[in-house]
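To start, the structure under review is shown below, and the notes come after it.
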Amino acid sequence: MLNILISNFFMIFFTTMTAFSPLFLINVAKYTEQQTALFLFVLGLGIFFWNLVGPMISDHIGRKPALVMFTFISIFIPISVALLYNNFPLLLILTFFLAAGMGYQPLSLAIIPAESVPRPPVASAIAIIVCVGEGIRGSLGPVLSGILADHYGLFSPLWVVAIACAIAFLLSFGIKETAPIKLLKIKEKHGSVETLQSEQGI
(Lines give C-alpha, C1' and ligand atoms only; values in the text may rest on other atoms or scores of the structure.)
Protein backbone atom coordinates (compact mmCIF):
# COMPACT_ATOMS: atom_id res chain seq x y z
CA MET A 1 0.00 0.00 0.00
CA LEU A 2 2.82 2.41 0.79
CA ASN A 3 4.46 1.72 -2.55
CA ILE A 4 1.17 2.47 -4.28
CA LEU A 5 1.07 5.84 -2.51
CA ILE A 6 4.72 6.55 -3.29
CA SER A 7 4.18 5.68 -6.95
CA ASN A 8 1.33 8.20 -7.09
CA PHE A 9 3.64 11.00 -6.01
CA PHE A 10 6.42 9.77 -8.27
CA MET A 11 4.09 10.01 -11.25
CA ILE A 12 3.15 13.55 -10.23
CA PHE A 13 6.85 14.34 -10.42
CA PHE A 14 7.42 12.60 -13.74
CA THR A 15 4.39 13.84 -15.68
CA THR A 16 4.30 17.35 -14.23
CA MET A 17 8.04 17.97 -14.43
CA THR A 18 8.32 16.84 -18.03
CA ALA A 19 5.18 18.75 -19.05
CA PHE A 20 5.80 22.08 -17.33
CA SER A 21 9.57 22.50 -17.06
CA PRO A 22 9.86 23.24 -20.81
CA LEU A 23 7.09 25.86 -20.52
CA PHE A 24 8.81 27.38 -17.50
CA LEU A 25 12.23 27.48 -19.12
CA ILE A 26 10.96 29.00 -22.37
CA ASN A 27 8.38 31.48 -21.01
CA VAL A 28 9.92 32.46 -17.66
CA ALA A 29 13.64 31.80 -17.99
CA LYS A 30 13.58 32.80 -21.69
CA TYR A 31 15.64 29.81 -22.76
CA THR A 32 15.87 28.91 -26.41
CA GLU A 33 14.31 25.70 -27.65
CA GLN A 34 17.81 24.23 -27.99
CA GLN A 35 18.66 25.04 -24.37
CA THR A 36 15.37 23.58 -23.18
CA ALA A 37 15.95 20.43 -25.20
CA LEU A 38 19.42 20.12 -23.68
CA PHE A 39 17.98 20.46 -20.18
CA LEU A 40 15.43 17.70 -20.86
CA PHE A 41 18.18 15.52 -22.34
CA VAL A 42 20.34 15.94 -19.23
CA LEU A 43 17.36 15.25 -16.96
CA GLY A 44 16.44 12.12 -18.93
CA LEU A 45 20.05 10.95 -19.04
CA GLY A 46 20.36 11.46 -15.28
CA ILE A 47 17.17 9.54 -14.58
CA PHE A 48 18.33 6.69 -16.83
CA PHE A 49 21.76 6.56 -15.17
CA TRP A 50 20.48 6.70 -11.60
CA ASN A 51 17.74 4.18 -12.30
CA LEU A 52 20.59 1.76 -13.01
CA VAL A 53 22.84 2.83 -10.15
CA GLY A 54 20.12 3.26 -7.50
CA PRO A 55 19.28 -0.44 -7.13
CA MET A 56 23.00 -1.26 -6.98
CA ILE A 57 23.44 1.19 -4.11
CA SER A 58 20.42 -0.31 -2.34
CA ASP A 59 22.03 -3.75 -2.56
CA HIS A 60 24.76 -2.46 -0.25
CA ILE A 61 23.00 -0.07 2.11
CA GLY A 62 19.50 -1.59 2.05
CA ARG A 63 16.27 -0.77 0.25
CA LYS A 64 14.81 1.47 2.94
CA PRO A 65 17.88 3.71 3.50
CA ALA A 66 18.27 4.06 -0.27
CA LEU A 67 14.59 4.90 -0.70
CA VAL A 68 14.73 7.53 2.04
CA MET A 69 17.92 9.04 0.61
CA PHE A 70 16.72 9.16 -3.00
CA THR A 71 13.26 10.56 -2.23
CA PHE A 72 14.91 13.31 -0.17
CA ILE A 73 17.24 14.24 -3.04
CA SER A 74 14.31 14.30 -5.48
CA ILE A 75 12.78 17.27 -3.63
CA PHE A 76 15.59 19.51 -4.87
CA ILE A 77 15.15 18.81 -8.60
CA PRO A 78 12.23 21.23 -9.10
CA ILE A 79 13.63 23.63 -6.50
CA SER A 80 16.91 23.91 -8.43
CA VAL A 81 14.97 24.80 -11.59
CA ALA A 82 12.90 27.41 -9.76
CA LEU A 83 15.88 29.07 -8.07
CA LEU A 84 18.83 28.54 -10.42
CA TYR A 85 17.36 28.94 -13.89
CA ASN A 86 19.48 32.07 -14.43
CA ASN A 87 22.66 29.95 -14.35
CA PHE A 88 22.26 27.48 -17.19
CA PRO A 89 25.58 25.57 -16.84
CA LEU A 90 25.12 25.13 -13.08
CA LEU A 91 21.51 24.05 -13.59
CA LEU A 92 22.58 21.35 -16.06
CA ILE A 93 25.23 19.99 -13.68
CA LEU A 94 22.89 19.97 -10.70
CA THR A 95 20.09 18.42 -12.76
CA PHE A 96 22.22 15.41 -13.64
CA PHE A 97 23.36 14.80 -10.07
CA LEU A 98 20.01 15.61 -8.45
CA ALA A 99 18.41 13.13 -10.85
CA ALA A 100 19.84 10.62 -8.38
CA GLY A 101 16.60 11.31 -6.56
CA MET A 102 14.83 9.29 -9.23
CA GLY A 103 16.85 6.25 -8.16
CA TYR A 104 13.88 5.41 -5.98
CA GLN A 105 11.67 4.71 -9.02
CA PRO A 106 12.78 1.08 -9.63
CA LEU A 107 12.88 0.47 -5.89
CA SER A 108 9.34 1.59 -5.16
CA LEU A 109 7.71 0.48 -8.41
CA ALA A 110 9.32 -2.94 -8.77
CA ILE A 111 12.09 -4.16 -6.48
CA ILE A 112 10.54 -3.65 -3.04
CA PRO A 113 7.10 -4.93 -4.12
CA ALA A 114 8.73 -7.99 -5.73
CA GLU A 115 10.56 -8.74 -2.49
CA SER A 116 7.48 -8.12 -0.33
CA VAL A 117 5.07 -10.71 -1.73
CA PRO A 118 5.28 -14.46 -2.49
CA ARG A 119 6.64 -15.30 -5.93
CA PRO A 120 3.34 -16.08 -7.79
CA PRO A 121 1.71 -12.62 -7.39
CA VAL A 122 4.89 -10.58 -8.02
CA ALA A 123 3.83 -9.44 -11.50
CA SER A 124 0.36 -8.51 -10.24
CA ALA A 125 1.79 -6.50 -7.32
CA ILE A 126 4.03 -4.50 -9.65
CA ALA A 127 1.24 -4.02 -12.20
CA ILE A 128 -1.17 -2.67 -9.58
CA ILE A 129 1.37 -0.16 -8.30
CA VAL A 130 2.25 1.10 -11.78
CA CYS A 131 -1.39 1.15 -12.94
CA VAL A 132 -2.64 3.15 -9.96
CA GLY A 133 0.31 5.56 -10.07
CA GLU A 134 0.04 6.28 -13.78
CA GLY A 135 -3.73 6.12 -13.99
CA ILE A 136 -4.57 8.41 -11.07
CA ARG A 137 -1.80 10.79 -10.07
CA GLY A 138 -0.07 10.61 -13.43
CA SER A 139 -3.21 12.17 -14.90
CA LEU A 140 -4.25 14.45 -12.06
CA GLY A 141 -0.81 15.95 -11.43
CA PRO A 142 -0.58 17.91 -14.70
CA VAL A 143 -4.26 18.90 -14.49
CA LEU A 144 -3.84 20.37 -10.99
CA SER A 145 -0.56 22.01 -11.98
CA GLY A 146 -2.15 23.51 -15.08
CA ILE A 147 -4.95 25.06 -13.03
CA LEU A 148 -2.46 26.52 -10.56
CA ALA A 149 -0.23 27.76 -13.39
CA ASP A 150 -3.16 29.60 -14.96
CA HIS A 151 -3.90 31.37 -11.68
CA TYR A 152 -0.48 31.81 -10.08
CA GLY A 153 2.12 31.44 -12.82
CA LEU A 154 4.53 28.77 -14.07
CA PHE A 155 6.42 28.57 -10.79
CA SER A 156 3.41 26.76 -9.31
CA PRO A 157 3.92 23.38 -11.06
CA LEU A 158 7.51 23.25 -9.77
CA TRP A 159 6.30 23.66 -6.20
CA VAL A 160 3.65 20.99 -6.80
CA VAL A 161 6.45 18.63 -7.83
CA ALA A 162 8.54 19.56 -4.79
CA ILE A 163 5.62 18.92 -2.44
CA ALA A 164 4.88 15.58 -4.12
CA CYS A 165 8.51 14.53 -3.67
CA ALA A 166 8.46 15.65 -0.03
CA ILE A 167 5.38 13.49 0.64
CA ALA A 168 7.08 10.51 -1.04
CA PHE A 169 10.07 11.15 1.24
CA LEU A 170 7.89 11.04 4.37
CA LEU A 171 6.10 7.88 3.18
CA SER A 172 9.42 6.13 2.57
CA PHE A 173 10.06 5.95 6.32
CA GLY A 174 7.19 3.48 6.61
CA ILE A 175 8.73 0.93 4.24
CA LYS A 176 10.12 -2.29 5.73
CA GLU A 177 13.56 -3.52 4.70
CA THR A 178 13.39 -6.19 1.98
CA ALA A 179 16.94 -6.51 0.60
CA PRO A 180 17.94 -10.21 0.89
CA ILE A 181 21.51 -9.41 1.95
CA LYS A 182 20.32 -7.01 4.66
CA LEU A 183 17.68 -9.46 5.89
CA LEU A 184 20.30 -12.19 6.17
CA LYS A 185 22.52 -9.94 8.28
CA ILE A 186 19.54 -8.98 10.44
CA LYS A 187 18.66 -12.63 10.95
CA GLU A 188 22.24 -13.45 11.95
CA LYS A 189 22.37 -10.54 14.39
CA HIS A 190 18.89 -10.65 15.92
CA GLY A 191 17.79 -14.21 15.34
CA SER A 192 14.91 -13.22 13.04
CA VAL A 193 13.64 -10.28 11.06
CA GLU A 194 10.44 -10.27 13.08
CA THR A 195 12.42 -9.80 16.28
CA LEU A 196 14.14 -6.71 14.92
CA GLN A 197 10.92 -5.28 13.54
CA SER A 198 9.26 -5.84 16.90
CA GLU A 199 12.12 -4.06 18.66
CA GLN A 200 11.81 -1.11 16.27
CA GLY A 201 8.03 -1.02 16.56
CA ILE A 202 7.55 -1.81 12.86
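Chain labels run A, B, ... following the order of the C-alpha coordinates; each chain numbers its residues from 1, and ligands are numbered from 1 in the order shown.
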Find the spatial neighbours of Val81 of chain A, counting only C-alpha atoms, within a cut-off of 12 Å - ignore same-chain residues fewer than 2 positions away - and output them as a PyMOL selection string.
chain A and resi 17+20-25+28-29+36+39-40+43+75-79+83-95+98+154-159+161-162
List the spatial neighbours of segment 100-102 of chain A as a PDB file with N, CA and C atoms, in the first residue's frame - criterion: any atom at most 8 Å away, only C-alpha atoms, same-chain residues fewer than 2 positions off excluded.
```pdb
ATOM      1  N   GLY A  46      20.134  11.654 -16.711  1.00  0.00           N
ATOM      2  CA  GLY A  46      20.365  11.458 -15.285  1.00  0.00           C
ATOM      3  C   GLY A  46      19.420  10.428 -14.691  1.00  0.00           C
ATOM      4  N   ILE A  47      18.144  10.505 -15.081  1.00  0.00           N
ATOM      5  CA  ILE A  47      17.174   9.536 -14.575  1.00  0.00           C
ATOM      6  C   ILE A  47      17.537   8.130 -15.028  1.00  0.00           C
ATOM      7  N   TRP A  50      20.724   6.987 -13.012  1.00  0.00           N
ATOM      8  CA  TRP A  50      20.482   6.704 -11.597  1.00  0.00           C
ATOM      9  C   TRP A  50      19.468   5.595 -11.387  1.00  0.00           C
ATOM     10  N   ASN A  51      18.624   5.347 -12.382  1.00  0.00           N
ATOM     11  CA  ASN A  51      17.742   4.176 -12.295  1.00  0.00           C
ATOM     12  C   ASN A  51      18.537   2.880 -12.349  1.00  0.00           C
ATOM     13  N   GLY A  54      20.878   3.269  -8.747  1.00  0.00           N
ATOM     14  CA  GLY A  54      20.117   3.265  -7.503  1.00  0.00           C
ATOM     15  C   GLY A  54      19.921   1.882  -6.900  1.00  0.00           C
ATOM     16  N   MET A  69      16.903   8.137   1.147  1.00  0.00           N
ATOM     17  CA  MET A  69      17.918   9.045   0.608  1.00  0.00           C
ATOM     18  C   MET A  69      17.501   9.601  -0.753  1.00  0.00           C
ATOM     19  N   PHE A  70      17.058   8.724  -1.644  1.00  0.00           N
ATOM     20  CA  PHE A  70      16.721   9.158  -2.997  1.00  0.00           C
ATOM     21  C   PHE A  70      15.486  10.052  -3.020  1.00  0.00           C
ATOM     22  N   THR A  71      14.462   9.707  -2.237  1.00  0.00           N
ATOM     23  CA  THR A  71      13.264  10.556  -2.228  1.00  0.00           C
ATOM     24  C   THR A  71      13.575  11.939  -1.661  1.00  0.00           C
ATOM     25  N   PHE A  72      14.508  12.011  -0.706  1.00  0.00           N
ATOM     26  CA  PHE A  72      14.906  13.311  -0.170  1.00  0.00           C
ATOM     27  C   PHE A  72      15.612  14.140  -1.241  1.00  0.00           C
ATOM     28  N   ILE A  73      16.521  13.522  -1.981  1.00  0.00           N
ATOM     29  CA  ILE A  73      17.240  14.241  -3.040  1.00  0.00           C
ATOM     30  C   ILE A  73      16.271  14.745  -4.106  1.00  0.00           C
ATOM     31  N   SER A  74      15.233  13.939  -4.395  1.00  0.00           N
ATOM     32  CA  SER A  74      14.308  14.304  -5.475  1.00  0.00           C
ATOM     33  C   SER A  74      13.603  15.631  -5.220  1.00  0.00           C
ATOM     34  N   ILE A  75      13.461  16.008  -3.966  1.00  0.00           N
ATOM     35  CA  ILE A  75      12.781  17.273  -3.629  1.00  0.00           C
ATOM     36  C   ILE A  75      13.487  18.461  -4.271  1.00  0.00           C
ATOM     37  N   ILE A  77      15.133  18.684  -7.136  1.00  0.00           N
ATOM     38  CA  ILE A  77      15.152  18.814  -8.599  1.00  0.00           C
ATOM     39  C   ILE A  77      14.301  19.999  -9.046  1.00  0.00           C
ATOM     40  N   PHE A  96      21.739  16.783 -13.464  1.00  0.00           N
ATOM     41  CA  PHE A  96      22.223  15.408 -13.642  1.00  0.00           C
ATOM     42  C   PHE A  96      22.426  14.727 -12.292  1.00  0.00           C
ATOM     43  N   PHE A  97      23.063  15.426 -11.361  1.00  0.00           N
ATOM     44  CA  PHE A  97      23.363  14.798 -10.071  1.00  0.00           C
ATOM     45  C   PHE A  97      22.109  14.692  -9.185  1.00  0.00           C
ATOM     46  N   LEU A  98      21.233  15.690  -9.246  1.00  0.00           N
ATOM     47  CA  LEU A  98      20.012  15.612  -8.454  1.00  0.00           C
ATOM     48  C   LEU A  98      19.036  14.576  -9.020  1.00  0.00           C
ATOM     49  N   TYR A 104      14.875   6.152  -6.763  1.00  0.00           N
ATOM     50  CA  TYR A 104      13.877   5.414  -5.978  1.00  0.00           C
ATOM     51  C   TYR A 104      12.780   4.815  -6.857  1.00  0.00           C
ATOM     52  N   GLN A 105      12.731   5.219  -8.141  1.00  0.00           N
ATOM     53  CA  GLN A 105      11.673   4.705  -9.019  1.00  0.00           C
ATOM     54  C   GLN A 105      11.684   3.178  -9.134  1.00  0.00           C
TER      55      GLN A 105
END
```
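With only C-alpha atoms as the basis for measurement, A:Ser108 is the residue among A:Ser58, A:Asn27, A:Ser108, A:Thr32 that approaches Met11 of chain A most closely.
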So that I can see what lies close to Leu140 of chain A, please list as an NGL selection string the residues with an atom at most 12 Å from it, counting only C-alpha atoms and leaving out residues fewer than 4 positions away in the same chain.
:A and (8-9 or 11-16 or 132-136 or 144-147 or 160)
Selection to disk with N, CA and C atoms, as a CSV table (one decimal), in the first residue's frame:
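Once everything was written out, this is selection-v5.csv:
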```
chain,number,residue,atom,x,y,z
A,8,ASN,N,2.2,7.1,-6.7
A,8,ASN,CA,1.3,8.2,-7.1
A,8,ASN,C,2.1,9.5,-7.1
A,9,PHE,N,2.9,9.7,-6.1
A,9,PHE,CA,3.6,11.0,-6.0
A,9,PHE,C,4.8,11.0,-7.0
A,11,MET,N,4.7,9.7,-10.0
A,11,MET,CA,4.1,10.0,-11.3
A,11,MET,C,3.7,11.5,-11.3
A,12,ILE,N,3.4,12.1,-10.2
A,12,ILE,CA,3.2,13.5,-10.2
A,12,ILE,C,4.4,14.2,-10.6
A,13,PHE,N,5.6,13.8,-10.0
A,13,PHE,CA,6.9,14.3,-10.4
A,13,PHE,C,7.1,14.2,-11.9
A,14,PHE,N,7.0,12.9,-12.4
A,14,PHE,CA,7.4,12.6,-13.7
A,14,PHE,C,6.6,13.3,-14.8
A,15,THR,N,5.3,13.2,-14.7
A,15,THR,CA,4.4,13.8,-15.7
A,15,THR,C,4.4,15.4,-15.6
A,16,THR,N,4.4,15.9,-14.4
A,16,THR,CA,4.3,17.4,-14.2
A,16,THR,C,5.6,18.0,-14.6
A,132,VAL,N,-2.0,2.1,-10.8
A,132,VAL,CA,-2.6,3.2,-10.0
A,132,VAL,C,-1.9,4.5,-10.1
A,133,GLY,N,-0.5,4.4,-10.0
A,133,GLY,CA,0.3,5.6,-10.1
A,133,GLY,C,0.1,6.3,-11.4
A,134,GLU,N,0.2,5.6,-12.5
A,134,GLU,CA,0.0,6.3,-13.8
A,134,GLU,C,-1.4,6.7,-14.1
A,135,GLY,N,-2.3,5.8,-13.6
A,135,GLY,CA,-3.7,6.1,-14.0
A,135,GLY,C,-4.4,7.3,-13.2
A,136,ILE,N,-3.9,7.4,-11.9
A,136,ILE,CA,-4.6,8.4,-11.1
A,136,ILE,C,-3.7,9.7,-11.0
A,144,LEU,N,-3.9,19.5,-12.1
A,144,LEU,CA,-3.8,20.4,-11.0
A,144,LEU,C,-2.8,21.5,-11.2
A,145,SER,N,-1.6,21.0,-11.7
A,145,SER,CA,-0.6,22.0,-12.0
A,145,SER,C,-1.0,23.0,-13.0
A,146,GLY,N,-1.7,22.6,-14.1
A,146,GLY,CA,-2.2,23.5,-15.1
A,146,GLY,C,-3.1,24.6,-14.5
A,147,ILE,N,-4.0,24.1,-13.7
A,147,ILE,CA,-5.0,25.1,-13.0
A,147,ILE,C,-4.2,26.1,-12.2
A,160,VAL,N,4.5,22.2,-6.9
A,160,VAL,CA,3.6,21.0,-6.8
A,160,VAL,C,4.5,19.8,-6.8
```
